[in-house]
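File shown here: data27.cif, holding mmCIF, C-alpha atoms.
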```
data_model
#
loop_
_atom_site.label_atom_id
_atom_site.label_comp_id
_atom_site.auth_asym_id
_atom_site.auth_seq_id
_atom_site.Cartn_x
_atom_site.Cartn_y
_atom_site.Cartn_z
CA MET A 1 110.05 68.22 196.66
CA LEU A 2 111.02 70.48 193.76
CA LYS A 3 109.86 69.48 190.30
CA GLN A 4 112.46 68.86 187.61
CA ALA A 5 112.81 71.74 185.15
CA PRO A 6 111.26 71.03 181.73
CA LEU A 7 113.82 69.18 179.62
CA ASN A 8 113.12 71.15 176.47
CA ASN A 9 113.75 74.63 177.87
CA SER A 10 117.47 74.63 177.11
CA PHE A 11 116.87 73.23 173.62
CA ARG A 12 114.19 75.82 172.87
CA PHE A 13 116.48 78.57 174.07
CA ARG A 14 119.36 77.47 171.83
CA GLN A 15 117.06 77.00 168.84
CA VAL A 16 115.64 80.53 168.98
CA ARG A 17 119.02 82.12 169.67
CA GLU A 18 120.65 80.31 166.75
CA GLN A 19 117.85 81.38 164.41
CA THR A 20 118.46 85.04 165.26
CA GLU A 21 122.13 84.78 164.37
CA LEU A 22 121.30 82.83 161.20
CA LEU A 23 119.37 85.88 159.95
CA CYS A 24 122.67 87.81 159.97
CA ALA A 25 124.89 85.06 158.56
CA SER A 26 125.01 86.46 155.02
CA LEU A 27 125.39 90.10 156.07
CA SER A 28 128.44 92.27 156.56
CA ALA A 29 129.21 94.23 159.71
CA GLU A 30 128.28 97.37 157.74
CA ASP A 31 124.87 95.88 156.89
CA CYS A 32 124.29 95.15 160.56
CA ASN A 33 124.94 98.73 161.67
CA LEU A 34 122.46 100.49 159.34
CA GLN A 35 119.61 102.60 160.72
CA ALA A 36 117.85 104.59 158.00
CA MET A 37 115.21 106.15 160.26
CA PRO A 38 114.54 106.39 164.01
CA TYR A 39 111.84 103.70 163.97
CA THR A 40 114.21 101.05 162.64
CA SER A 41 117.21 99.69 164.51
CA PRO A 42 120.56 98.24 163.41
CA LEU A 43 120.59 94.45 163.36
CA LYS A 44 123.61 94.56 165.66
CA TRP A 45 121.45 96.39 168.21
CA HIS A 46 118.71 93.74 167.91
CA LEU A 47 121.32 91.01 168.54
CA ALA A 48 122.48 92.82 171.68
CA HIS A 49 119.08 93.92 172.99
CA THR A 50 117.57 90.41 172.91
CA THR A 51 120.64 89.28 174.86
CA TRP A 52 120.23 92.13 177.34
CA PHE A 53 116.66 90.91 177.94
CA PHE A 54 117.73 87.48 179.21
CA GLU A 55 120.62 88.95 181.17
CA THR A 56 118.40 91.57 182.84
CA PHE A 57 115.23 89.64 183.55
CA ILE A 58 116.52 86.10 184.20
CA LEU A 59 120.25 85.88 184.90
CA THR A 60 120.59 88.92 187.16
CA PRO A 61 117.76 87.98 189.57
CA PHE A 62 117.99 84.16 189.42
CA SER A 63 121.61 83.16 188.73
CA PRO A 64 123.74 83.84 191.85
CA GLY A 65 127.24 84.93 191.01
CA TYR A 66 126.42 85.91 187.43
CA ARG A 67 128.67 88.71 186.18
CA HIS A 68 127.63 91.14 183.46
CA TYR A 69 129.69 91.00 180.29
CA ASP A 70 129.93 94.81 180.30
CA GLU A 71 128.09 97.10 182.69
CA SER A 72 127.75 99.81 180.00
CA PHE A 73 125.57 97.44 177.96
CA GLN A 74 122.84 97.88 180.57
CA VAL A 75 122.23 101.37 179.16
CA LEU A 76 123.28 100.87 175.52
CA PHE A 77 120.87 98.00 174.88
CA ASN A 78 117.91 98.87 177.10
CA SER A 79 115.07 99.72 174.74
CA TYR A 80 112.34 101.47 176.76
CA TYR A 81 112.31 99.94 180.25
CA ASN A 82 112.32 102.98 182.50
CA GLY A 83 112.00 100.76 185.55
CA ILE A 84 115.44 99.32 184.78
CA GLY A 85 117.29 102.56 184.17
CA LYS A 86 118.50 104.88 181.42
CA GLN A 87 118.54 104.09 177.70
CA HIS A 88 120.69 105.22 174.79
CA PRO A 89 118.55 107.38 172.44
CA ARG A 90 116.72 105.22 169.93
CA SER A 91 117.48 107.52 167.00
CA GLN A 92 121.23 107.24 167.68
CA ARG A 93 121.65 103.47 167.76
CA HIS A 94 123.49 103.56 164.43
CA LEU A 95 126.19 105.70 166.04
CA LEU A 96 127.28 102.78 168.23
CA SER A 97 130.20 101.61 166.09
CA ARG A 98 131.57 100.23 169.35
CA PRO A 99 130.99 97.55 170.48
CA GLY A 100 131.58 95.96 167.09
CA LEU A 101 129.58 93.09 165.67
CA ASN A 102 132.10 90.48 166.81
CA GLU A 103 131.96 91.76 170.38
CA VAL A 104 128.16 91.70 170.34
CA LEU A 105 128.30 88.07 169.21
CA GLU A 106 130.73 87.35 172.08
CA TYR A 107 128.23 89.00 174.42
CA ARG A 108 125.54 86.67 173.11
CA GLN A 109 127.74 83.65 173.76
CA HIS A 110 128.53 84.86 177.29
CA VAL A 111 124.82 85.10 178.10
CA ASN A 112 123.96 81.88 176.23
CA LYS A 113 126.47 79.94 178.32
CA ALA A 114 125.10 81.32 181.58
CA MET A 115 121.49 80.72 180.49
CA SER A 116 122.22 77.12 179.47
CA ALA A 117 123.87 76.48 182.85
CA LEU A 118 120.80 77.84 184.62
CA LEU A 119 118.30 75.94 182.47
CA ASP A 120 120.20 72.63 182.60
CA GLN A 121 120.49 72.52 186.39
CA PRO A 122 117.91 70.84 188.65
CA ALA A 123 114.76 72.84 189.15
CA HIS A 124 115.29 76.23 190.74
CA ALA A 125 113.24 77.38 193.73
CA ASP A 126 111.82 80.06 191.43
CA GLN A 127 111.32 77.65 188.52
CA GLY A 128 107.80 78.84 187.75
CA GLU A 129 108.88 82.47 187.39
CA ILE A 130 112.01 81.51 185.41
CA SER A 131 109.95 79.44 182.97
CA SER A 132 107.41 82.23 182.59
CA ARG A 133 110.13 84.78 181.86
CA LEU A 134 111.87 82.36 179.51
CA ASP A 135 108.68 81.98 177.47
CA LEU A 136 108.34 85.75 177.31
CA GLY A 137 112.01 86.16 176.40
CA LEU A 138 111.85 83.62 173.58
CA ASN A 139 108.72 85.19 172.13
CA HIS A 140 110.29 88.62 172.56
CA GLU A 141 113.34 87.49 170.58
CA GLN A 142 111.11 86.07 167.85
CA GLN A 143 109.36 89.42 167.60
CA HIS A 144 112.78 90.95 167.08
CA GLN A 145 113.56 88.39 164.38
CA GLU A 146 110.65 89.82 162.40
CA LEU A 147 111.77 93.37 163.17
CA MET A 148 115.27 92.51 161.98
CA LEU A 149 113.91 91.55 158.57
CA THR A 150 111.59 94.54 158.23
CA ASP A 151 114.23 96.96 159.50
CA LEU A 152 116.82 95.47 157.17
CA LYS A 153 114.45 95.84 154.23
CA TYR A 154 113.94 99.52 154.94
CA ASN A 155 117.64 100.10 155.47
CA LEU A 156 118.64 98.30 152.24
CA GLY A 157 115.78 100.00 150.39
CA CYS A 158 117.51 103.35 150.90
CA ASN A 159 120.48 102.10 148.87
CA PRO A 160 120.23 103.14 145.18
CA LEU A 161 121.83 99.80 144.23
CA ALA A 162 118.69 98.00 145.51
CA PRO A 163 120.74 95.14 147.01
CA PHE A 164 119.12 91.81 147.78
CA TYR A 165 119.20 90.03 151.14
CA MET A 166 118.43 86.58 149.70
CA GLN A 167 118.15 85.59 146.07
CA ALA A 168 114.86 83.94 145.15
CA GLU A 169 112.47 83.35 142.28
CA LEU A 170 108.96 84.36 143.27
CA PRO A 171 106.08 82.23 141.92
CA GLU A 172 103.20 83.17 139.68
CA ARG A 173 99.76 83.02 141.31
CA GLU A 174 96.17 82.80 140.19
CA PRO A 175 94.10 85.73 141.44
CA GLY A 176 91.48 83.47 143.04
CA GLU A 177 87.84 84.04 143.90
CA ALA A 178 86.89 87.44 145.25
CA GLY A 179 83.74 88.23 147.23
CA PHE A 180 82.86 88.07 150.91
CA GLU A 181 82.17 85.52 153.61
CA PHE A 182 79.16 86.41 155.77
CA TYR A 183 78.87 86.05 159.55
CA LYS A 184 75.75 86.43 161.63
CA GLY A 185 77.57 87.95 164.58
CA GLY A 186 76.09 87.80 168.05
CA LEU A 187 77.89 87.30 171.36
CA VAL A 188 81.35 85.92 170.56
CA ASP A 189 84.54 84.96 172.39
CA VAL A 190 87.55 87.27 172.06
CA GLY A 191 91.06 86.89 173.46
CA GLN A 192 93.28 83.97 174.29
CA PRO A 193 91.97 81.31 176.68
CA ALA A 194 94.15 80.76 179.74
CA ASP A 195 94.85 77.10 178.79
CA ASP A 196 95.83 77.80 175.18
CA GLY A 197 99.62 78.04 175.48
CA PHE A 198 101.72 81.17 175.45
CA GLY A 199 100.13 84.52 174.83
CA PHE A 200 101.19 88.11 175.46
CA ASP A 201 99.38 89.94 178.22
CA ASN A 202 97.58 92.18 175.70
CA GLU A 203 95.77 89.09 174.33
CA ARG A 204 94.06 88.52 177.67
CA PRO A 205 91.83 88.23 179.53
CA PRO A 206 89.35 86.35 177.31
CA HIS A 207 86.00 88.07 177.22
CA LYS A 208 82.77 88.42 175.27
CA ALA A 209 82.02 90.94 172.53
CA TRP A 210 78.82 91.66 170.63
CA LEU A 211 79.04 91.72 166.82
CA GLU A 212 76.40 92.86 164.40
CA PRO A 213 76.16 90.81 161.17
CA PHE A 214 79.19 91.47 158.98
CA ALA A 215 81.09 90.25 155.97
CA LEU A 216 84.83 89.78 155.52
CA GLY A 217 86.71 89.69 152.22
CA ARG A 218 87.73 86.20 151.15
CA LYS A 219 91.12 87.41 150.02
CA LEU A 220 93.61 90.15 150.68
CA VAL A 221 93.52 93.28 148.53
CA THR A 222 96.03 92.83 145.70
CA ASN A 223 98.57 95.06 143.98
CA GLY A 224 96.37 95.18 140.90
CA GLU A 225 93.34 96.30 142.86
CA TYR A 226 95.33 98.92 144.70
CA GLY A 227 96.71 100.10 141.37
CA GLU A 228 93.14 100.84 140.27
CA PHE A 229 92.76 103.06 143.34
CA ILE A 230 95.91 104.97 142.33
CA ALA A 231 94.77 105.29 138.71
CA ASP A 232 91.44 106.70 139.91
CA GLY A 233 93.26 109.53 141.67
CA GLY A 234 93.23 107.91 145.10
CA TYR A 235 96.17 109.92 146.38
CA ARG A 236 94.71 113.17 145.00
CA ARG A 237 91.17 112.95 146.42
CA PRO A 238 90.91 114.36 149.96
CA GLU A 239 87.33 113.08 150.35
CA LEU A 240 88.72 109.53 150.66
CA TRP A 241 91.09 110.30 153.50
CA LEU A 242 90.91 110.87 157.22
CA SER A 243 92.07 114.38 158.07
CA ASP A 244 95.40 113.28 159.56
CA GLY A 245 95.85 110.90 156.65
CA TRP A 246 95.38 113.62 154.06
CA SER A 247 97.83 115.84 155.92
CA THR A 248 100.36 112.99 155.91
CA VAL A 249 99.87 112.37 152.17
CA GLN A 250 100.64 116.01 151.46
CA GLU A 251 103.52 116.33 153.92
CA GLN A 252 105.19 113.08 152.81
CA ASN A 253 104.24 113.44 149.13
CA TRP A 254 102.83 109.92 149.03
CA THR A 255 101.69 108.79 145.57
CA GLN A 256 102.06 105.02 145.92
CA PRO A 257 102.87 102.35 148.53
CA LEU A 258 106.33 102.19 150.06
CA TYR A 259 108.89 100.42 147.81
CA TRP A 260 106.79 100.75 144.60
CA ASP A 261 108.36 102.21 141.47
CA LEU A 262 105.72 103.17 138.91
CA ASP A 263 107.97 105.54 136.96
CA ALA A 264 109.92 102.87 135.06
CA ASP A 265 108.68 101.27 131.84
CA SER A 266 107.76 98.16 133.84
CA PRO A 267 106.37 98.75 137.34
CA SER A 268 108.56 97.18 140.00
CA VAL A 269 108.88 96.87 143.76
CA PHE A 270 111.87 96.60 146.09
CA THR A 271 111.92 93.39 148.12
CA LEU A 272 114.35 91.51 150.32
CA HIS A 273 115.04 89.59 147.13
CA GLY A 274 116.05 92.77 145.31
CA GLN A 275 114.05 94.71 142.74
CA GLN A 276 111.19 92.56 141.42
CA PRO A 277 108.36 93.03 138.90
CA LEU A 278 105.19 94.38 140.50
CA ARG A 279 102.80 91.44 140.16
CA ASN A 280 99.13 92.37 140.12
CA GLU A 281 98.00 89.13 141.78
CA TYR A 282 100.22 89.49 144.87
CA PRO A 283 98.81 91.03 148.08
CA VAL A 284 99.53 94.73 148.39
CA CYS A 285 101.76 95.49 151.37
CA HIS A 286 103.62 98.28 153.17
CA LEU A 287 100.47 100.35 153.51
CA SER A 288 99.82 102.72 156.37
CA TYR A 289 96.53 102.64 158.24
CA PHE A 290 95.64 105.85 156.42
CA GLU A 291 96.16 104.22 153.01
CA ALA A 292 94.27 101.08 153.97
CA ASP A 293 91.33 103.12 155.27
CA ALA A 294 91.27 105.33 152.16
CA TYR A 295 91.29 102.32 149.86
CA ALA A 296 88.45 100.68 151.79
CA ARG A 297 86.41 103.88 151.54
CA TRP A 298 87.11 104.07 147.79
CA ALA A 299 86.03 100.43 147.40
CA GLY A 300 82.70 101.06 149.14
CA ALA A 301 83.73 98.96 152.13
CA ARG A 302 85.53 99.45 155.45
CA LEU A 303 88.25 97.90 157.56
CA PRO A 304 87.16 95.12 159.93
CA THR A 305 87.23 95.51 163.67
CA GLU A 306 89.72 93.29 165.44
CA GLU A 307 86.85 91.36 167.05
CA GLU A 308 85.30 90.66 163.63
CA TRP A 309 88.65 89.47 162.27
CA GLU A 310 89.29 87.16 165.24
CA HIS A 311 85.79 85.69 165.19
CA ALA A 312 85.95 85.00 161.45
CA CYS A 313 89.38 83.45 161.88
CA ARG A 314 88.20 81.11 164.62
CA GLN A 315 85.21 80.10 162.52
CA SER A 316 87.16 79.26 159.41
CA HIS A 317 90.82 78.60 160.05
CA LYS A 318 93.27 76.91 162.38
CA PRO A 319 96.84 78.03 161.60
CA GLN A 320 99.59 75.45 161.31
CA GLN A 321 101.90 76.07 164.23
CA GLY A 322 105.13 74.50 162.91
CA ARG A 323 108.39 74.47 164.87
CA GLU A 324 109.64 77.33 167.02
CA THR A 325 111.88 78.80 164.33
CA ASP A 326 110.71 77.79 160.85
CA PHE A 327 111.52 80.59 158.41
CA ASN A 328 111.33 80.56 154.65
CA LEU A 329 114.13 82.96 153.75
CA LYS A 330 113.44 82.27 150.07
CA ARG A 331 109.94 83.75 150.33
CA LEU A 332 110.23 87.05 152.18
CA GLN A 333 107.65 88.80 150.05
CA PRO A 334 103.89 88.24 150.20
CA THR A 335 102.82 86.26 147.16
CA GLY A 336 99.46 84.89 148.22
CA THR A 337 98.69 81.19 148.26
CA THR A 338 96.93 78.82 145.92
CA PRO A 339 93.25 79.83 145.81
CA ASN A 340 90.86 77.81 147.96
CA LYS A 341 87.40 78.23 149.42
CA GLY A 342 86.59 80.53 152.30
CA LEU A 343 88.95 83.05 153.84
CA ARG A 344 92.47 82.89 152.41
CA ASP A 345 95.84 84.12 153.60
CA LEU A 346 94.85 85.02 157.13
CA PHE A 347 98.41 84.21 158.14
CA GLY A 348 101.87 84.29 156.63
CA GLN A 349 101.38 87.03 154.02
CA VAL A 350 100.70 90.51 155.42
CA TRP A 351 99.54 91.94 158.70
CA GLN A 352 96.00 93.23 158.19
CA TRP A 353 94.92 96.61 159.50
CA THR A 354 91.76 96.76 161.57
CA SER A 355 89.76 99.83 162.53
CA SER A 356 90.27 99.05 166.23
CA ALA A 357 92.30 101.32 168.44
CA TYR A 358 94.93 99.48 170.47
CA ARG A 359 93.50 99.42 173.96
CA ALA A 360 93.29 97.23 177.05
CA TYR A 361 90.76 94.42 177.12
CA PRO A 362 88.14 94.49 179.90
CA GLY A 363 89.80 93.27 183.09
CA TYR A 364 93.37 93.77 181.84
CA ARG A 365 95.95 94.29 184.53
CA VAL A 366 99.52 95.44 183.91
CA THR A 367 102.19 92.98 185.08
CA PRO A 368 103.96 94.31 188.18
CA GLY A 369 107.50 95.61 187.79
CA ALA A 370 109.51 96.56 184.71
CA LEU A 371 108.06 93.71 182.63
CA GLY A 372 104.73 95.52 182.86
CA GLU A 373 106.19 98.04 180.41
CA TYR A 374 106.26 95.40 177.64
CA ASN A 375 102.82 96.17 176.20
CA GLY A 376 100.60 98.16 178.51
CA LYS A 377 102.16 101.60 178.20
CA PHE A 378 101.77 101.58 174.40
CA MET A 379 97.97 101.39 174.47
CA CYS A 380 97.49 104.88 173.08
CA ASN A 381 97.20 106.37 169.57
CA GLN A 382 97.90 103.11 167.73
CA PHE A 383 95.79 100.69 165.69
CA VAL A 384 95.59 96.90 165.88
CA LEU A 385 96.71 94.62 163.07
CA ARG A 386 95.76 90.95 162.90
CA GLY A 387 97.18 87.86 161.21
CA SER A 388 100.90 87.58 160.47
CA SER A 389 103.31 88.29 157.63
CA CYS A 390 105.82 86.44 155.49
CA ALA A 391 108.47 87.58 158.00
CA THR A 392 106.61 86.41 161.14
CA PRO A 393 107.83 83.31 163.02
CA PRO A 394 105.11 80.66 162.62
CA ARG A 395 104.32 80.31 166.33
CA HIS A 396 103.21 83.93 166.32
CA SER A 397 100.38 83.13 163.91
CA ARG A 398 97.33 82.74 166.11
CA ALA A 399 93.81 84.11 166.15
CA SER A 400 94.29 86.18 169.31
CA TYR A 401 97.63 87.84 168.42
CA ARG A 402 97.47 91.65 168.50
CA ASN A 403 100.10 93.61 166.60
CA PHE A 404 99.95 97.40 166.79
CA PHE A 405 101.43 100.37 164.96
CA TYR A 406 100.86 104.07 164.46
CA ALA A 407 98.55 105.11 161.65
CA ALA A 408 101.33 106.51 159.43
CA ASP A 409 103.69 103.51 159.80
CA ARG A 410 104.25 101.48 156.67
CA TRP A 411 107.69 99.83 156.79
CA GLN A 412 106.15 96.67 158.24
CA PHE A 413 104.54 94.06 155.95
CA THR A 414 101.09 95.62 156.38
CA GLY A 415 98.14 95.22 154.01
CA LEU A 416 94.39 94.88 154.25
CA ARG A 417 91.30 92.76 153.94
CA LEU A 418 87.98 94.47 153.34
CA ALA A 419 84.88 94.24 155.52
CA ARG A 420 81.36 95.53 155.30
CA ASP A 421 78.10 95.46 157.21
CA ALA A 422 75.73 92.64 156.34
CA MET A 423 72.09 91.79 156.88
CA PRO A 424 71.20 88.42 158.47
CA GLY A 425 70.69 85.78 155.80
CA ALA A 426 72.76 87.60 153.18
CA SER A 427 74.77 85.50 150.77
#
```

Represent the structure from my file as structure tokens, please.
Amino acid sequence: MLKQAPLNNSFRFRQVREQTELLCASLSAEDCNLQAMPYTSPLKWHLAHTTWFFETFILTPFSPGYRHYDESFQVLFNSYYNGIGKQHPRSQRHLLSRPGLNEVLEYRQHVNKAMSALLDQPAHADQGEISSRLDLGLNHEQQHQELMLTDLKYNLGCNPLAPFYMQAELPEREPGEAGFEFYKGGLVDVGQPADDGFGFDNERPPHKAWLEPFALGRKLVTNGEYGEFIADGGYRRPELWLSDGWSTVQEQNWTQPLYWDLDADSPSVFTLHGQQPLRNEYPVCHLSYFEADAYARWAGARLPTEEEWEHACRQSHKPQQGRETDFNLKRLQPTGTTPNKGLRDLFGQVWQWTSSAYRAYPGYRVTPGALGEYNGKFMCNQFVLRGSSCATPPRHSRASYRNFFYAADRWQFTGLRLARDAMPGAS
């Protein structure tokens, strides 16, 4: 006898899909078609691609009689799945003035209706696979919700009018206690346990790792602290930089973090809430790996490994998981939280660079078929970030989550937390 499909699947699907469209509710069609650099995408493309995902990986194989909204969308909105077919060039997504935003929203409704019909019916013979792909699809769309905000910020940041996405008043914060928390290390657990809810394949399998004694900064590095690095000639001292980092600084003429303006009488920073004063007590963000590593070297410290970060997180913090789609659109800039004891702001402020190369865990196996392209083929020349940012959906804040970017990338909400070696018994 077939088991009844989980009753909440259809509700979860609608909730995530509605949240994606809510992110665009205050934007014009012109806003939604911006692409200021190849690594960002127009919001209209994100709306269509996340729809393509459900159409391609669930409706086409499991919904008999389903008809594609438009066959050309199979190429236009395929991101990088070579096993599915051709893709429109990523750098040219902004040239897709057709289909228009309204038609993309109609496409979403076409797929939503078909998905709801599939999810509301009695359990399918392939219910286990459908549910697994649904979980992946919902988490995939939530990843794109974060990308929509970070891409939009970069796109709007290229406008000399410095337009805001949402108006907000950002709070004042106390700087809080600095210093380090010490950990004795040893043989520790890394990765997501099999019985711990959804996780991407790159978070598994769980395994053991050996850690020497180490210390992790209690707080994130702040704007004020990073400003001291700049004032001390940080961007002019090659001895602080990795070779590729120093080459990037010279080629890109970096003198400060992305979005900072230190030339005005009062230092300011561009945010999704428009141009704002640069507050010393806020966490520094939009740093590349190269900048984070150079700062750590200047500070007499280093970046943590991803295993150190995860172990410290599990020892000191259990993130609040919230609902599927909680967003605080009035706080889309890292501000730090009220100071408390122990490690602070592990989640919900900035992604934190680690020194760990993005690689497969011991025993990792790529998922068969096109879905195996989701993570595995990117395990080269990138670095792991841990935690989550102010633009991350809450259910993506977990100790085992592995984000990854190239060393020069800095349009994401990326910052750092210092680490250093420690002797047993240190305090």

Point to revise | Residues matched by the PyMOL selection byres ((chain A and resi 149) around 10), written as a PyMOL selection string | key: chain A and resi 23-24+43+144-148+150-155+165+272+329+332+391-392+412

Exercise for review: Give as a PyMOL selection string the set of residues within 12 Å of the point (115.0, 92.8, 148.0), where distances use the file's coordinates and only C-alpha atoms.
Suggested key: chain A and resi 149-150+152-170+259-260+268-277+329-333

Can you spit out the residues from that selection as an mmCIF file, in the frame of the given file, using C-alpha atoms?
```
data_model
loop_
_atom_site.group_PDB
_atom_site.id
_atom_site.type_symbol
_atom_site.label_atom_id
_atom_site.label_comp_id
_atom_site.auth_asym_id
_atom_site.auth_seq_id
_atom_site.Cartn_x
_atom_site.Cartn_y
_atom_site.Cartn_z
ATOM 1 C CA LEU A 149 113.910 91.550 158.570
ATOM 2 C CA THR A 150 111.590 94.540 158.230
ATOM 3 C CA LEU A 152 116.820 95.470 157.170
ATOM 4 C CA LYS A 153 114.450 95.840 154.230
ATOM 5 C CA TYR A 154 113.940 99.520 154.940
ATOM 6 C CA ASN A 155 117.640 100.100 155.470
ATOM 7 C CA LEU A 156 118.640 98.300 152.240
ATOM 8 C CA GLY A 157 115.780 100.000 150.390
ATOM 9 C CA CYS A 158 117.510 103.350 150.900
ATOM 10 C CA ASN A 159 120.480 102.100 148.870
ATOM 11 C CA PRO A 160 120.230 103.140 145.180
ATOM 12 C CA LEU A 161 121.830 99.800 144.230
ATOM 13 C CA ALA A 162 118.690 98.000 145.510
ATOM 14 C CA PRO A 163 120.740 95.140 147.010
ATOM 15 C CA PHE A 164 119.120 91.810 147.780
ATOM 16 C CA TYR A 165 119.200 90.030 151.140
ATOM 17 C CA MET A 166 118.430 86.580 149.700
ATOM 18 C CA GLN A 167 118.150 85.590 146.070
ATOM 19 C CA ALA A 168 114.860 83.940 145.150
ATOM 20 C CA GLU A 169 112.470 83.350 142.280
ATOM 21 C CA LEU A 170 108.960 84.360 143.270
ATOM 22 C CA TYR A 259 108.890 100.420 147.810
ATOM 23 C CA TRP A 260 106.790 100.750 144.600
ATOM 24 C CA SER A 268 108.560 97.180 140.000
ATOM 25 C CA VAL A 269 108.880 96.870 143.760
ATOM 26 C CA PHE A 270 111.870 96.600 146.090
ATOM 27 C CA THR A 271 111.920 93.390 148.120
ATOM 28 C CA LEU A 272 114.350 91.510 150.320
ATOM 29 C CA HIS A 273 115.040 89.590 147.130
ATOM 30 C CA GLY A 274 116.050 92.770 145.310
ATOM 31 C CA GLN A 275 114.050 94.710 142.740
ATOM 32 C CA GLN A 276 111.190 92.560 141.420
ATOM 33 C CA PRO A 277 108.360 93.030 138.900
ATOM 34 C CA LEU A 329 114.130 82.960 153.750
ATOM 35 C CA LYS A 330 113.440 82.270 150.070
ATOM 36 C CA ARG A 331 109.940 83.750 150.330
ATOM 37 C CA LEU A 332 110.230 87.050 152.180
ATOM 38 C CA GLN A 333 107.650 88.800 150.050
#
```

Practice item. Return as a ChimeraX atom specification the set of residues that the PyMOL selection byres ((chain A and resi 13) around 12) yields on the displayed structure. Key: /A:6-12,14-20,50-51,54,111-120,131,133-142,324-325

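Once the PyMOL selection byres ((chain A and resi 57-72) around 7) is applied to this file, the selection holds Phe53, Phe54, Glu55, Thr56, Phe73, Gln74, Val75, Leu76, Tyr107, His110, Met115, Leu118, Ile130 and Arg133 of chain A.
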
Check your understanding: If we count all atoms listed in the file, what is near Ser316 of chain A at a cut-off of 10 Å, once residues fewer than 4 positions away on the same chain are taken out, given as an MDAnalysis selection string?
Key -> chainID A and resid 181 311:312 342:344 346

Emit the selected residues as a short mmCIF file (atom, residue, chain, number, x, y, z; two decimals), keeping the file's coordinate frame, including C-alpha atoms.
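As written to disk, selection37.cif reads:
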```
data_model
loop_
_atom_site.label_atom_id
_atom_site.label_comp_id
_atom_site.auth_asym_id
_atom_site.auth_seq_id
_atom_site.Cartn_x
_atom_site.Cartn_y
_atom_site.Cartn_z
CA GLU A 181 82.17 85.52 153.61
CA HIS A 311 85.79 85.69 165.19
CA ALA A 312 85.95 85.00 161.45
CA GLY A 342 86.59 80.53 152.30
CA LEU A 343 88.95 83.05 153.84
CA ARG A 344 92.47 82.89 152.41
CA LEU A 346 94.85 85.02 157.13
#
```

Compile a residue-level contact table for segment 274-382 of chain A against segment 235-250 of chain A at a cut-off of 7 Å, reporting for every qualifying residue the shortest atom pair and its distance in Å to one decimal, with all atoms listed in the file counted, rows ordered by chain and ascending number, as JSON lines.
```
{"residue": "A:Phe290", "atom": "CA", "partner": "A:Gly245", "partner_atom": "CA", "distance": 5.1}
{"residue": "A:Ala294", "atom": "CA", "partner": "A:Leu240", "partner_atom": "CA", "distance": 5.1}
{"residue": "A:Arg297", "atom": "CA", "partner": "A:Leu240", "partner_atom": "CA", "distance": 6.2}
{"residue": "A:Trp298", "atom": "CA", "partner": "A:Leu240", "partner_atom": "CA", "distance": 6.4}
```

Practice item. Might you pull out every residue within 7 Å of Val190 of chain A, with all atoms listed in the file counted and same-chain residues fewer than 2 positions away left off, and present them as a VMD selection string? Key: chain A and resid 188 192 206 to 209 307
